[in-house]
Amino acid sequence: MRMAIPPRLAQFLDTRKILYRTETHREAVTAQQAAQAAHVSGRAFAKSVILSVDGKLWMAVLPSTERVDMDRVGRCLDAKRIRMATEAEFATVFADCDLGAMPIFGSLYGVPVIVSAELQHEEEIAFTAGTHLDIVRIRTKDYLESERPRVCGREEILA
């Protein structure tokens, strides 16, 4: 049975021949809840946080156990103004996703991505797949090669 992940995500993964597994779990609103529901380590569960960086949307991808440090991200991106984006600012961009369940592939939505180097230590990562019920698991190497995000060290992104 096919999971309810956004068709553009499935097509992206299939086109690039990225092996992935989809799973359904009980409803979870936060990334840490989703990690627990899916029995995935919080360090290996990647969450997406949408930021407003000098008026432009960016996606920060980090382990579900961590928090974004706005000052550090601002310095890493050489930004003057950085803050969490409001749902109103990004809801239409991720129209095929439940709010707060955006997959970590910002490129699918025209949103540049900054990723925490902490995720590189995991062989496999899991992430929400557009709903509060579905996750995708892929090799971290495949994610980094296909998304080509800007990788920042712990001291550059995490609180």
# chains A, B, ... in the order shown; residues from 1 in each chain; ligands from 1
$ residues_around --residues "segment 54-59 of chain A" --least-positions-apart "3" --cutoff "7 Å" --atoms "only C-alpha atoms" --output "ChimeraX atom specification"
/A:48-51,79-82,106,111-114
$ closest_atom_pairs --of "segment 59-124 of chain A" --to "segment 128-138 of chain A" --cutoff "9 Å" --atoms "only C-alpha atoms" --output "CSV"
residue,atom,partner,partner_atom,distance
A:Phe94,CA,A:Gly130,CA,8.6
A:Asp96,CA,A:Gly130,CA,7.1
A:Cys97,CA,A:Gly130,CA,4.3
A:Asp98,CA,A:Thr131,CA,5.1
A:Leu99,CA,A:Thr131,CA,8.1
A:Gly100,CA,A:His132,CA,8.0
A:Ala101,CA,A:Gly130,CA,4.9
A:Met102,CA,A:Gly130,CA,5.0
A:Pro103,CA,A:Ala129,CA,5.0
A:Ile104,CA,A:Thr128,CA,7.9
A:Glu123,CA,A:Ile138,CA,8.7
A:Glu124,CA,A:Ile138,CA,5.6
$ closest_residue --among "A:Arg43, A:Thr24, A:Ser107, A:Val73" --to "Val151 of chain A" --atoms "only C-alpha atoms"
A:Val73
$ atom_distance --atom1 "atom CA of Ser64 of chain A" --atom2 "atom CA of Gln120 of chain A"
13.9 Å
